[in-house]
Amino acid sequence: MSYLDHIKACNNANLSRYARFRIGNAPLGAVRSDFANALIGLGGDFVRDENGEFGFARHIQTPAQRNDTLHRATVQLCDTGHIRHLHGEKFDVRASLSEAPLCQLDRFAMPHFGFRSWGVHMNGYVRKSDGLHMWIAKRSQDKPTYPGMLDNMVAGGQPAGLGFRENMIKECAEEADIPSSLADGLQAVGTVSYLYETDEGLKPDVMVNYDLELPETFEPRCADGEVERFDLLPIAEVAEIVRSGFDFKFNCALVIIDFLIRHGYLTADNEPDYNGLITGLHRDINR
């Protein structure tokens with residue numbers, strides 16, 4: 001296999017299976033037919049228009065009304081088995097970062113509606129005499145999603161009410177016991193986006209990424225139980241793990257590929273799929 005296989009795996013969505021979900025005139029999400037029928041079956045809060053697209057009924061106009069409607073709907077759909085379970089943490093639903101949230105939804109329900117989620121991911125690395133090393137997390141076997149898989153040193157979803165950097169610093173403390181004195185060195189390095197399809201639905205998601213150079217003397221601690229262990233690996237070993245298999249959680253491999261490109265490990269001279277990687281890491285998710 002190749003690095004490009006991770007790009008392809010993260011952009012596996014077949015949009016022909018989905019109908020748009022609009023809030024006002026904006027196409028904010030997309031739903032599969034079985035879930036769309038379940039929404040309509042709840043009563044008069046969701047409607048299908050003449051074009052086969054879905055949205056809120058006209059009497060639901062404000063963010064508060066949408067929030068109440070979504071809360072009731074997701075609880076009911078969880079009871080009927082259309083949603084397996086809810087997380088309890090709310091994510092903002094918005095057309096773009098420059099616009100105010102149109103509503104909020106439980107993070108585990110986001111793929112069912114095809115709404116875009118945002119997350120923060122951090123590459124923690126160390127400069128040694130023999131080159132770059134990267135801290136890699138192994139997810140706990142008790143995690144409800146992707147248990148036991150490899151992960152970026154620190155990562156998390158973007159909950160409502162927090163800034164991205166603020167959230168990243170919070171996750172650093174919670175997941176790896178990184179003190180604020182070190183987390184203050186976080187460097188914002190851009191985003192990675194993809195269009196991924198799961199059993200639950202569509203994930204047109206964006207990861208906001210950070211690099212953090214750490215001293216050799218620092219060792220992370222599994223602080224909240226979400227990580228089984230941390231390993232500090234030479235960057236060549238990390239690159240080979242990504243290139244040769246799917247040991248990493250699907251989207252975390254993209255964050256590492258982006259790191260390898262930005263730090264000059266993958267170049268146009270040594271990587272035949274270089275152009276495909278550059279363009280593939282930034283999927284146009286405007287539908």
# chains A, B, ... in the order shown; residues from 1 in each chain; ligands from 1
$ select_by_dssp --residues "region 178-216 of chain A" --states "alpha helix (DSSP H)" --output "list in words"
Ser180, Ser181, Leu182 and Ala183 of chain A
$ residues_around --residues "Pro101 (chain A)" --least-positions-apart "6" --cutoff "10 Å" --atoms "only C-alpha atoms" --output "ChimeraX atom specification"
/A:63,91-95,160
$ write_last_selection --atoms "all heavy atoms" --output "short mmCIF file (atom, residue, chain, number, x, y, z; two decimals), in the first residue's frame"
data_model
loop_
_atom_site.label_atom_id
_atom_site.label_comp_id
_atom_site.auth_asym_id
_atom_site.auth_seq_id
_atom_site.Cartn_x
_atom_site.Cartn_y
_atom_site.Cartn_z
N PRO A 63 -32.24 29.30 16.68
CA PRO A 63 -31.30 28.28 17.17
C PRO A 63 -31.83 27.50 18.37
O PRO A 63 -31.65 26.28 18.45
CB PRO A 63 -30.06 29.10 17.53
CG PRO A 63 -30.11 30.27 16.60
CD PRO A 63 -31.57 30.61 16.48
N PHE A 91 -21.84 19.69 19.80
CA PHE A 91 -21.02 20.35 18.79
C PHE A 91 -21.85 21.43 18.11
O PHE A 91 -23.06 21.28 17.93
CB PHE A 91 -20.56 19.36 17.72
CG PHE A 91 -19.38 18.51 18.10
CD1 PHE A 91 -18.85 18.53 19.38
CD2 PHE A 91 -18.79 17.69 17.16
CE1 PHE A 91 -17.76 17.74 19.72
CE2 PHE A 91 -17.70 16.90 17.48
CZ PHE A 91 -17.19 16.93 18.76
N ASP A 92 -21.18 22.51 17.70
CA ASP A 92 -21.85 23.55 16.93
C ASP A 92 -22.06 23.09 15.49
O ASP A 92 -21.23 22.40 14.90
CB ASP A 92 -21.00 24.83 16.90
CG ASP A 92 -21.02 25.59 18.21
OD1 ASP A 92 -22.04 25.51 18.92
OD2 ASP A 92 -20.02 26.26 18.53
N VAL A 93 -23.20 23.50 14.94
CA VAL A 93 -23.49 23.30 13.52
C VAL A 93 -23.51 24.67 12.87
O VAL A 93 -24.33 25.52 13.21
CB VAL A 93 -24.84 22.59 13.31
CG1 VAL A 93 -25.15 22.44 11.83
CG2 VAL A 93 -24.83 21.22 14.00
N ARG A 94 -22.60 24.89 11.94
CA ARG A 94 -22.50 26.21 11.32
C ARG A 94 -22.06 26.06 9.87
O ARG A 94 -21.42 25.07 9.49
CB ARG A 94 -21.52 27.10 12.08
CG ARG A 94 -20.09 26.58 12.13
CD ARG A 94 -19.18 27.59 12.83
NE ARG A 94 -19.17 27.43 14.27
CZ ARG A 94 -18.95 28.42 15.12
NH1 ARG A 94 -18.73 29.63 14.70
NH2 ARG A 94 -18.93 28.20 16.42
N ALA A 95 -22.40 27.07 9.08
CA ALA A 95 -22.04 27.05 7.66
C ALA A 95 -20.55 27.28 7.47
O ALA A 95 -19.93 26.71 6.57
CB ALA A 95 -22.86 28.09 6.90
N ALA A 160 -18.92 22.87 21.63
CA ALA A 160 -19.49 24.21 21.59
C ALA A 160 -18.92 25.06 22.73
O ALA A 160 -18.69 24.57 23.83
CB ALA A 160 -21.02 24.14 21.70
#
$ select_by_dssp --residues "region 91-160 of chain A" --states "strand (DSSP E or B)" --output "MDAnalysis selection string"
chainID A and resid 91:93 103:106 118:128 131:139 150:152 154:157
$ closest_residue --among "A:Ala73, A:Leu214, A:Val206, A:Ala19" --to "Arg48 (chain A)" --atoms "only C-alpha atoms"
A:Ala19
$ residues_around --residues "region 187-202 of chain A" --least-positions-apart "5" --cutoff "6 Å" --atoms "only C-alpha atoms" --output "PDB file with C-alpha atoms, in the first residue's frame"
ATOM      1  CA  CYS A  10     -10.786   8.879   4.357  1.00  0.00           C
ATOM      2  CA  ASN A  11     -12.689  10.039   1.268  1.00  0.00           C
ATOM      3  CA  ASN A  12     -14.849   6.975   0.721  1.00  0.00           C
ATOM      4  CA  ALA A  13     -18.253   8.675   0.738  1.00  0.00           C
ATOM      5  CA  PRO A 111     -22.780  11.788  11.161  1.00  0.00           C
ATOM      6  CA  HIS A 112     -26.449  10.773  11.058  1.00  0.00           C
ATOM      7  CA  GLY A 114     -24.085  14.672   7.848  1.00  0.00           C
ATOM      8  CA  MET A 207      -9.157  18.801  11.755  1.00  0.00           C
ATOM      9  CA  VAL A 208      -7.419  21.926  13.038  1.00  0.00           C
ATOM     10  CA  ASN A 209      -3.808  20.865  13.576  1.00  0.00           C
ATOM     11  CA  TYR A 210      -0.983  21.916  15.865  1.00  0.00           C
ATOM     12  CA  ASP A 211       2.674  20.988  16.298  1.00  0.00           C
ATOM     13  CA  LEU A 281      -5.361  16.344   2.415  1.00  0.00           C
ATOM     14  CA  HIS A 282      -7.618  19.290   1.651  1.00  0.00           C
ATOM     15  CA  ARG A 283     -10.827  17.852   0.286  1.00  0.00           C
TER      16      ARG A 283
END
$ atom_distance --atom1 "CA of Gly124 (chain A)" --atom2 "CA of Leu212 (chain A)"
4.9 Å
$ residues_around --residues "Thr62 (chain A)" --least-positions-apart "3" --cutoff "12 Å" --atoms "only C-alpha atoms" --output "number ranges by chain"
A: 23-24, 56-59, 65-69, 101-104
$ residues_around --residues "Tyr18 (chain A)" --least-positions-apart "5" --cutoff "8 Å" --atoms "only C-alpha atoms" --output "PyMOL selection string"
chain A and resi 30-33
$ closest_residue --among "A:Asp269, A:Phe259, A:Lys138, A:Asn37" --to "Gly52 (chain A)" --atoms "only C-alpha atoms"
A:Asn37
$ decode --residues "region 232-259 of chain A" --atoms "N, CA, C and O atoms" --output "tab-separated table (two decimals), in the first residue's frame"
chain	number	residue	atom	x	y	z
A	232	LEU	N	7.47	7.02	22.21
A	232	LEU	CA	8.26	7.99	21.46
A	232	LEU	C	9.04	7.21	20.39
A	232	LEU	O	9.94	6.42	20.72
A	233	LEU	N	8.70	7.45	19.13
A	233	LEU	CA	9.24	6.66	18.02
A	233	LEU	C	10.00	7.55	17.05
A	233	LEU	O	9.60	8.70	16.81
A	234	PRO	N	11.08	7.03	16.46
A	234	PRO	CA	11.75	7.78	15.39
A	234	PRO	C	10.77	8.08	14.26
A	234	PRO	O	9.90	7.26	13.94
A	235	ILE	N	10.91	9.24	13.65
A	235	ILE	CA	9.94	9.65	12.63
A	235	ILE	C	9.92	8.68	11.46
A	235	ILE	O	8.87	8.45	10.83
A	236	ALA	N	11.06	8.05	11.15
A	236	ALA	CA	11.09	7.07	10.06
A	236	ALA	C	10.21	5.87	10.39
A	236	ALA	O	9.55	5.31	9.50
A	237	GLU	N	10.19	5.47	11.65
A	237	GLU	CA	9.35	4.35	12.07
A	237	GLU	C	7.88	4.72	12.01
A	237	GLU	O	7.03	3.93	11.57
A	238	VAL	N	7.55	5.94	12.45
A	238	VAL	CA	6.17	6.42	12.37
A	238	VAL	C	5.72	6.44	10.91
A	238	VAL	O	4.62	5.97	10.58
A	239	ALA	N	6.57	6.98	10.04
A	239	ALA	CA	6.23	7.07	8.62
A	239	ALA	C	5.98	5.69	8.03
A	239	ALA	O	5.05	5.49	7.23
A	240	GLU	N	6.78	4.70	8.41
A	240	GLU	CA	6.62	3.35	7.87
A	240	GLU	C	5.34	2.70	8.38
A	240	GLU	O	4.66	1.98	7.63
A	241	ILE	N	4.99	2.95	9.63
A	241	ILE	CA	3.72	2.42	10.17
A	241	ILE	C	2.55	2.96	9.36
A	241	ILE	O	1.62	2.22	9.01
A	242	VAL	N	2.59	4.25	9.05
A	242	VAL	CA	1.52	4.86	8.26
A	242	VAL	C	1.53	4.32	6.84
A	242	VAL	O	0.48	3.95	6.29
A	243	ARG	N	2.70	4.26	6.23
A	243	ARG	CA	2.79	3.85	4.83
A	243	ARG	C	2.36	2.42	4.60
A	243	ARG	O	1.78	2.09	3.56
A	244	SER	N	2.60	1.55	5.58
A	244	SER	CA	2.44	0.12	5.33
A	244	SER	C	1.18	-0.50	5.90
A	244	SER	O	0.95	-1.70	5.72
A	245	GLY	N	0.33	0.26	6.57
A	245	GLY	CA	-0.86	-0.35	7.14
A	245	GLY	C	-1.84	0.65	7.71
A	245	GLY	O	-1.69	1.86	7.57
A	246	PHE	N	-2.86	0.10	8.37
A	246	PHE	CA	-3.94	0.93	8.92
A	246	PHE	C	-4.01	0.77	10.44
A	246	PHE	O	-5.08	0.60	11.01
A	247	ASP	N	-2.86	0.84	11.09
A	247	ASP	CA	-2.82	0.75	12.54
A	247	ASP	C	-3.33	2.02	13.21
A	247	ASP	O	-3.78	1.98	14.36
A	248	PHE	N	-3.23	3.15	12.51
A	248	PHE	CA	-3.71	4.42	13.05
A	248	PHE	C	-5.21	4.58	12.83
A	248	PHE	O	-5.75	4.12	11.81
A	249	LYS	N	-5.88	5.22	13.77
A	249	LYS	CA	-7.26	5.67	13.55
A	249	LYS	C	-7.29	6.42	12.23
A	249	LYS	O	-6.39	7.20	11.91
A	250	PHE	N	-8.36	6.21	11.46
A	250	PHE	CA	-8.36	6.58	10.04
A	250	PHE	C	-7.92	8.01	9.78
A	250	PHE	O	-7.12	8.25	8.86
A	251	ASN	N	-8.39	8.99	10.55
A	251	ASN	CA	-8.06	10.38	10.21
A	251	ASN	C	-6.72	10.82	10.79
A	251	ASN	O	-6.12	11.78	10.31
A	252	CYS	N	-6.23	10.11	11.81
A	252	CYS	CA	-4.95	10.49	12.42
A	252	CYS	C	-3.79	10.28	11.47
A	252	CYS	O	-2.78	11.00	11.52
A	253	ALA	N	-3.90	9.29	10.58
A	253	ALA	CA	-2.85	9.07	9.59
A	253	ALA	C	-2.68	10.29	8.69
A	253	ALA	O	-1.56	10.63	8.29
A	254	LEU	N	-3.78	10.98	8.39
A	254	LEU	CA	-3.69	12.18	7.55
A	254	LEU	C	-2.91	13.29	8.25
A	254	LEU	O	-2.14	14.01	7.61
A	255	VAL	N	-3.09	13.42	9.54
A	255	VAL	CA	-2.38	14.45	10.31
A	255	VAL	C	-0.88	14.18	10.27
A	255	VAL	O	-0.07	15.11	10.16
A	256	ILE	N	-0.50	12.92	10.34
A	256	ILE	CA	0.92	12.57	10.30
A	256	ILE	C	1.49	12.77	8.90
A	256	ILE	O	2.61	13.28	8.74
A	257	ILE	N	0.73	12.41	7.87
A	257	ILE	CA	1.19	12.65	6.50
A	257	ILE	C	1.43	14.14	6.29
A	257	ILE	O	2.43	14.55	5.69
A	258	ASP	N	0.52	14.96	6.79
A	258	ASP	CA	0.68	16.41	6.68
A	258	ASP	C	1.96	16.86	7.38
A	258	ASP	O	2.71	17.69	6.87
A	259	PHE	N	2.24	16.31	8.56
A	259	PHE	CA	3.47	16.62	9.30
A	259	PHE	C	4.69	16.22	8.48
A	259	PHE	O	5.67	16.99	8.37
